>>> print(open('final-v4.cif').read())   # mmCIF, C-alpha atoms
data_model
loop_
_atom_site.group_PDB
_atom_site.id
_atom_site.type_symbol
_atom_site.label_atom_id
_atom_site.label_comp_id
_atom_site.auth_asym_id
_atom_site.auth_seq_id
_atom_site.Cartn_x
_atom_site.Cartn_y
_atom_site.Cartn_z
ATOM 1 C CA MET A 19 -12.336 -17.882 5.488
ATOM 2 C CA PRO A 20 -14.082 -14.555 4.725
ATOM 3 C CA MET A 21 -12.192 -11.344 5.360
ATOM 4 C CA ASP A 22 -12.603 -9.807 8.802
ATOM 5 C CA LYS A 23 -11.696 -6.142 8.270
ATOM 6 C CA MET A 24 -11.748 -5.327 11.979
ATOM 7 C CA ASP A 25 -9.290 -8.141 12.695
ATOM 8 C CA LEU A 26 -7.010 -6.962 9.893
ATOM 9 C CA TRP A 27 -7.094 -3.389 11.227
ATOM 10 C CA LYS A 28 -6.177 -4.699 14.705
ATOM 11 C CA LYS A 29 -3.269 -6.625 13.188
ATOM 12 C CA ALA A 30 -2.101 -3.523 11.309
ATOM 13 C CA LEU A 31 -2.374 -1.464 14.505
ATOM 14 C CA SER A 32 -0.415 -4.036 16.517
ATOM 15 C CA LEU A 33 2.363 -4.134 13.918
ATOM 16 C CA ARG A 34 2.548 -0.328 13.848
ATOM 17 C CA LYS A 35 2.985 -0.339 17.626
ATOM 18 C CA GLU A 36 5.522 -3.179 17.513
ATOM 19 C CA LEU A 37 7.591 -1.198 15.003
ATOM 20 C CA GLY A 38 7.412 1.955 17.158
ATOM 21 C CA GLU A 39 4.856 3.929 15.164
ATOM 22 C CA ASP A 40 1.726 5.756 16.303
ATOM 23 C CA THR A 41 -1.717 4.827 15.023
ATOM 24 C CA THR A 42 -2.343 7.665 12.565
ATOM 25 C CA SER A 43 0.811 9.148 10.994
ATOM 26 C CA PRO A 44 1.995 8.348 7.486
ATOM 27 C CA ILE A 45 4.913 5.934 7.676
ATOM 28 C CA ASP A 46 8.103 5.199 5.761
ATOM 29 C CA ILE A 47 7.412 1.503 5.282
ATOM 30 C CA PHE A 48 10.909 0.670 4.038
ATOM 31 C CA ALA A 49 12.617 2.431 6.954
ATOM 32 C CA LEU A 50 10.437 0.408 9.325
ATOM 33 C CA ALA A 51 11.072 -2.846 7.476
ATOM 34 C CA TYR A 52 14.828 -2.325 7.748
ATOM 35 C CA THR A 53 14.486 -2.385 11.553
ATOM 36 C CA ILE A 54 13.003 -5.916 11.536
ATOM 37 C CA GLU A 55 15.525 -8.468 12.733
ATOM 38 C CA LYS A 56 16.410 -11.395 10.491
ATOM 39 C CA LEU A 57 14.727 -9.843 7.456
ATOM 40 C CA SER A 58 16.567 -9.282 4.176
ATOM 41 C CA ILE A 59 14.951 -6.959 1.633
ATOM 42 C CA VAL A 60 15.807 -7.426 -2.028
ATOM 43 C CA TYR A 61 14.855 -5.119 -4.907
ATOM 44 C CA TYR A 62 14.780 -6.943 -8.214
ATOM 45 C CA PRO A 63 13.022 -6.593 -11.580
ATOM 46 C CA MET A 64 10.414 -9.378 -11.609
ATOM 47 C CA GLY A 65 8.434 -8.615 -14.743
ATOM 48 C CA ASN A 66 4.947 -7.188 -15.042
ATOM 49 C CA ASN A 67 2.834 -9.675 -13.103
ATOM 50 C CA ILE A 68 4.508 -9.993 -9.687
ATOM 51 C CA SER A 69 4.744 -7.147 -7.178
ATOM 52 C CA GLY A 70 6.601 -8.977 -4.419
ATOM 53 C CA VAL A 71 7.563 -12.245 -2.777
ATOM 54 C CA CYS A 72 7.842 -13.223 0.880
ATOM 55 C CA ILE A 73 9.975 -16.223 1.826
ATOM 56 C CA ARG A 74 9.883 -17.243 5.459
ATOM 57 C CA GLY A 75 12.744 -19.344 6.695
ATOM 58 C CA THR A 76 13.599 -20.980 9.981
ATOM 59 C CA GLY A 77 16.344 -18.446 10.698
ATOM 60 C CA ASN A 78 16.103 -15.600 8.220
ATOM 61 C CA ASN A 79 13.299 -14.218 6.076
ATOM 62 C CA VAL A 80 13.410 -12.537 2.688
ATOM 63 C CA VAL A 81 11.061 -10.028 1.122
ATOM 64 C CA ALA A 82 11.689 -9.303 -2.542
ATOM 65 C CA ILE A 83 10.116 -6.201 -4.072
ATOM 66 C CA ASN A 84 9.669 -5.764 -7.804
ATOM 67 C CA SER A 85 11.889 -2.790 -8.613
ATOM 68 C CA THR A 86 10.115 -2.173 -11.934
ATOM 69 C CA MET A 87 6.920 -1.179 -10.112
ATOM 70 C CA THR A 88 6.411 2.456 -9.134
ATOM 71 C CA LEU A 89 7.731 3.586 -5.764
ATOM 72 C CA GLY A 90 4.163 4.054 -4.500
ATOM 73 C CA ARG A 91 3.329 0.482 -5.522
ATOM 74 C CA GLN A 92 6.535 -0.773 -3.897
ATOM 75 C CA HIS A 93 5.418 0.802 -0.608
ATOM 76 C CA PHE A 94 2.109 -1.070 -0.826
ATOM 77 C CA SER A 95 3.891 -4.303 -1.790
ATOM 78 C CA MET A 96 6.195 -4.050 1.234
ATOM 79 C CA ALA A 97 3.220 -3.599 3.572
ATOM 80 C CA HIS A 98 1.466 -6.523 1.850
ATOM 81 C CA GLU A 99 4.517 -8.768 2.324
ATOM 82 C CA LEU A 100 4.682 -7.843 6.014
ATOM 83 C CA TYR A 101 1.238 -9.407 6.391
ATOM 84 C CA HIS A 102 2.606 -12.659 4.994
ATOM 85 C CA LEU A 103 5.684 -12.396 7.208
ATOM 86 C CA TYR A 104 3.837 -11.763 10.470
ATOM 87 C CA PHE A 105 0.328 -13.148 10.134
ATOM 88 C CA ASP A 106 0.062 -15.665 7.300
ATOM 89 C CA ASP A 107 0.243 -19.249 8.526
ATOM 90 C CA ASP A 108 -0.598 -20.938 5.231
ATOM 91 C CA GLU A 109 2.750 -21.277 3.447
ATOM 92 C CA SER A 110 6.405 -20.442 3.800
ATOM 93 C CA THR A 111 6.447 -18.586 0.443
ATOM 94 C CA ALA A 112 3.918 -16.081 -0.899
ATOM 95 C CA VAL A 113 4.070 -14.637 -4.402
ATOM 96 C CA CYS A 114 1.937 -11.545 -4.824
ATOM 97 C CA ALA A 115 0.214 -10.413 -7.995
ATOM 98 C CA LYS A 116 0.430 -6.968 -9.527
ATOM 99 C CA THR A 117 -3.267 -6.149 -9.224
ATOM 100 C CA ILE A 118 -4.615 -5.124 -5.812
ATOM 101 C CA GLY A 119 -7.759 -6.753 -4.412
ATOM 102 C CA VAL A 120 -7.751 -9.884 -6.563
ATOM 103 C CA GLY A 121 -6.595 -13.467 -6.137
ATOM 104 C CA SER A 122 -7.059 -15.827 -3.228
ATOM 105 C CA GLU A 123 -8.737 -14.832 0.017
ATOM 106 C CA ARG A 124 -5.300 -14.787 1.624
ATOM 107 C CA GLU A 125 -4.016 -12.286 -0.964
ATOM 108 C CA LYS A 126 -7.082 -10.081 -0.513
ATOM 109 C CA GLN A 127 -6.501 -10.111 3.257
ATOM 110 C CA ALA A 128 -2.870 -9.108 2.735
ATOM 111 C CA ASP A 129 -3.999 -6.232 0.491
ATOM 112 C CA GLN A 130 -6.547 -5.011 3.038
ATOM 113 C CA PHE A 131 -3.949 -5.279 5.816
ATOM 114 C CA ALA A 132 -1.439 -3.291 3.723
ATOM 115 C CA SER A 133 -4.055 -0.628 3.112
ATOM 116 C CA TYR A 134 -4.757 -0.324 6.854
ATOM 117 C CA LEU A 135 -1.059 -0.356 7.767
ATOM 118 C CA LEU A 136 -0.271 2.488 5.376
ATOM 119 C CA MET A 137 -3.564 4.378 5.728
ATOM 120 C CA PRO A 138 -5.108 3.845 9.171
ATOM 121 C CA PRO A 139 -8.902 4.373 9.054
ATOM 122 C CA ASP A 140 -8.877 7.346 11.451
ATOM 123 C CA ALA A 141 -6.064 9.077 9.580
ATOM 124 C CA LEU A 142 -7.684 8.529 6.188
ATOM 125 C CA SER A 143 -11.027 9.735 7.476
ATOM 126 C CA ASP A 144 -9.478 12.909 8.948
ATOM 127 C CA VAL A 145 -7.662 13.815 5.739
ATOM 128 C CA ILE A 146 -10.787 13.164 3.658
ATOM 129 C CA LYS A 147 -12.829 15.434 5.968
ATOM 130 C CA ARG A 148 -10.277 18.238 5.562
ATOM 131 C CA LEU A 149 -10.323 17.850 1.771
ATOM 132 C CA LYS A 150 -14.113 17.893 1.638
ATOM 133 C CA LYS A 151 -14.311 20.979 3.878
ATOM 134 C CA SER A 152 -12.621 23.041 1.205
ATOM 135 C CA GLY A 153 -14.763 21.757 -1.646
ATOM 136 C CA SER A 154 -17.638 19.515 -2.571
ATOM 137 C CA SER A 155 -18.894 16.416 -0.798
ATOM 138 C CA LYS A 156 -17.304 14.248 -3.515
ATOM 139 C CA LEU A 157 -13.590 13.610 -3.842
ATOM 140 C CA SER A 158 -12.018 15.092 -6.955
ATOM 141 C CA LEU A 159 -8.964 13.891 -8.864
ATOM 142 C CA ASN A 160 -6.949 16.616 -7.109
ATOM 143 C CA ASP A 161 -8.081 15.220 -3.741
ATOM 144 C CA VAL A 162 -7.004 11.720 -4.764
ATOM 145 C CA VAL A 163 -3.563 13.028 -5.773
ATOM 146 C CA ARG A 164 -3.221 14.765 -2.391
ATOM 147 C CA LEU A 165 -4.175 11.538 -0.589
ATOM 148 C CA GLU A 166 -1.709 9.376 -2.501
ATOM 149 C CA GLN A 167 1.040 11.931 -1.880
ATOM 150 C CA TYR A 168 0.200 12.232 1.817
ATOM 151 C CA PHE A 169 0.295 8.464 2.370
ATOM 152 C CA SER A 170 3.029 7.849 -0.228
ATOM 153 C CA ILE A 171 1.180 5.162 -2.135
ATOM 154 C CA SER A 172 0.207 4.370 -5.708
ATOM 155 C CA ARG A 173 -2.915 5.546 -7.474
ATOM 156 C CA GLN A 174 -4.048 1.927 -7.683
ATOM 157 C CA ALA A 175 -3.735 1.511 -3.897
ATOM 158 C CA ILE A 176 -5.600 4.706 -3.003
ATOM 159 C CA LEU A 177 -8.412 3.998 -5.466
ATOM 160 C CA TYR A 178 -8.759 0.446 -4.097
ATOM 161 C CA ARG A 179 -9.173 1.857 -0.599
ATOM 162 C CA LEU A 180 -11.518 4.716 -1.537
ATOM 163 C CA ILE A 181 -13.813 2.307 -3.372
ATOM 164 C CA GLY A 182 -13.789 0.048 -0.298
ATOM 165 C CA GLU A 183 -14.682 3.013 1.919
ATOM 166 C CA ASN A 184 -17.534 4.040 -0.427
ATOM 167 C CA GLU A 185 -15.830 7.362 -1.101
ATOM 168 C CA LEU A 186 -15.669 6.635 -4.844
ATOM 169 C CA THR A 187 -17.687 4.485 -7.190
ATOM 170 C CA MET A 188 -15.921 2.093 -9.548
ATOM 171 C CA GLN A 189 -16.838 4.365 -12.450
ATOM 172 C CA GLU A 190 -15.411 7.455 -10.706
ATOM 173 C CA ALA A 191 -12.224 5.557 -9.881
ATOM 174 C CA ASP A 192 -11.836 4.300 -13.455
ATOM 175 C CA SER A 193 -11.873 7.874 -14.726
ATOM 176 C CA MET A 194 -8.903 8.662 -12.410
ATOM 177 C CA ARG A 195 -6.614 5.843 -13.596
ATOM 178 C CA LYS A 196 -5.261 7.719 -16.631
ATOM 179 C CA ASN A 197 -2.479 10.302 -16.818
ATOM 180 C CA VAL A 198 -1.384 9.594 -13.256
ATOM 181 C CA ILE A 199 1.979 11.359 -13.417
ATOM 182 C CA ARG A 200 0.582 14.373 -15.248
ATOM 183 C CA SER A 201 -2.182 14.826 -12.654
ATOM 184 C CA ALA A 202 0.405 14.943 -9.847
ATOM 185 C CA VAL A 203 2.934 17.174 -11.620
ATOM 186 C CA ARG A 204 0.131 19.610 -12.550
ATOM 187 C CA LEU A 205 -0.427 20.139 -8.803
ATOM 188 C CA GLY A 206 3.276 20.769 -8.219
ATOM 189 C CA TYR A 207 4.281 17.343 -6.884
ATOM 190 C CA ASP A 208 7.499 15.585 -7.772
ATOM 191 C CA ASP A 209 6.974 12.466 -9.895
ATOM 192 C CA THR A 210 9.223 10.156 -7.814
ATOM 193 C CA LEU A 211 6.262 8.296 -6.309
ATOM 194 C CA TYR A 212 5.141 7.291 -9.796
ATOM 195 C CA ARG A 213 8.472 6.017 -11.122
ATOM 196 C CA SER A 214 10.227 2.669 -10.728
ATOM 197 C CA THR A 215 13.523 2.259 -8.901
ATOM 198 C CA PRO A 216 16.396 3.550 -11.070
ATOM 199 C CA LYS A 217 18.492 0.668 -12.458
ATOM 200 C CA ASP A 218 21.667 1.933 -10.763
ATOM 201 C CA LYS A 219 19.984 1.576 -7.370
#
>>> encode(input="final-v4.cif", output="structure tokens")
Amino acid sequence: MPMDKMDLWKKALSLRKELGEDTTSPIDIFALAYTIEKLSIVYYPMGNNISGVCIRGTGNNVVAINSTMTLGRQHFSMAHELYHLYFDDDESTAVCAKTIGVGSEREKQADQFASYLLMPPDALSDVIKRLKKSGSSKLSLNDVVRLEQYFSISRQAILYRLIGENELTMQEADSMRKNVIRSAVRLGYDDTLYRSTPKDK
């Protein structure tokens, strides 16, 4: 079934409301996930190809997040797994790939849902307008860093969304995929968002 972006945005909005959030603010996705009854969250190193797993059971559910991924990517993975937990009727277990926007139609829907859950269209649009007011009509690398910091997500996730919103071309996005940590630190941001979970945690 082809992706219905409006339906996915409505689902993301309904889950935000169900979890006690407004429709525009940045969210702490892990803090919200911890409030979900009968959900266990596991952080575990799962190699380089899997970002997360959702296992739905009859009594309890488990979401496993790949702790070797960056914190920003883990946020996106958690939102992605919540789609499988709440809205995916296909299977009891979903294993999610590392790359965003690829795979089965179901995985692409989960990625789009995650993007809407973490970056509601109105909120993203408002922040982009503010960034463009102080500069050119095109988003710069500095703007992209500010967006990923504001919404607490990975470079991969923000570029995926900005391409989808026609704010960046694929070529422009490709030029922003290198030196991710350096580009954030240069603007004075902490590098926590771009690091994996420390082993002792």
>>> residues_around(input="final-v4.cif", residues="Ile47 of chain A", least_positions_apart="3", cutoff="8 Å", atoms="all atoms listed in the file", output="list in words")
Leu50, Ala51, His93, Met96, Ala97 and Leu136 of chain A
>>> atom_distance(input="final-v4.cif", atom1="atom CA of Gly90 of chain A", atom2="atom CA of Val198 of chain A")
11.8 Å
>>> resolve_selection(input="final-v4.cif", expression="the PyMOL selection byres ((chain A and resi 182) around 12)", output="ChimeraX atom specification")
/A:23,118-119,129-130,133-134,139,175-181,183-188,191
>>> closest_residue(input="final-v4.cif", among="A:Asn67, A:Thr215, A:Ser85, A:Ser95", to="Lys116 of chain A", atoms="only C-alpha atoms")
A:Asn67
>>> closest_residue(input="final-v4.cif", among="A:Val120, A:Val113, A:Val80, A:Ile146", to="Glu55 of chain A", atoms="only C-alpha atoms")
A:Val80
>>> resolve_selection(input="final-v4.cif", expression="the PyMOL selection byres ((chain A and resi 98-103) around 10)", output="ChimeraX atom specification")
/A:26,29-30,33,47,51,57,69-75,79-83,92-97,104-114,118,124-133,135-136
>>> closest_residue(input="final-v4.cif", among="A:Leu211, A:Pro138, A:Gln174, A:Asn197", to="Glu39 of chain A", atoms="only C-alpha atoms")
A:Pro138
>>> resolve_selection(input="final-v4.cif", expression="the PyMOL selection byres ((chain A and resi 149) around 12)", output="list in words")
Leu142, Ser143, Asp144, Val145, Ile146, Lys147, Arg148, Lys150, Lys151, Ser152, Gly153, Ser154, Ser155, Lys156, Leu157, Ser158, Leu159, Asn160, Asp161, Val162, Val163, Arg164, Leu165 and Tyr168 of chain A
>>> atom_distance(input="final-v4.cif", atom1="atom CA of Val203 of chain A", atom2="atom CA of Arg91 of chain A")
17.8 Å
>>> atom_distance(input="final-v4.cif", atom1="atom CA of Ile59 of chain A", atom2="atom CA of Ser214 of chain A")
16.4 Å
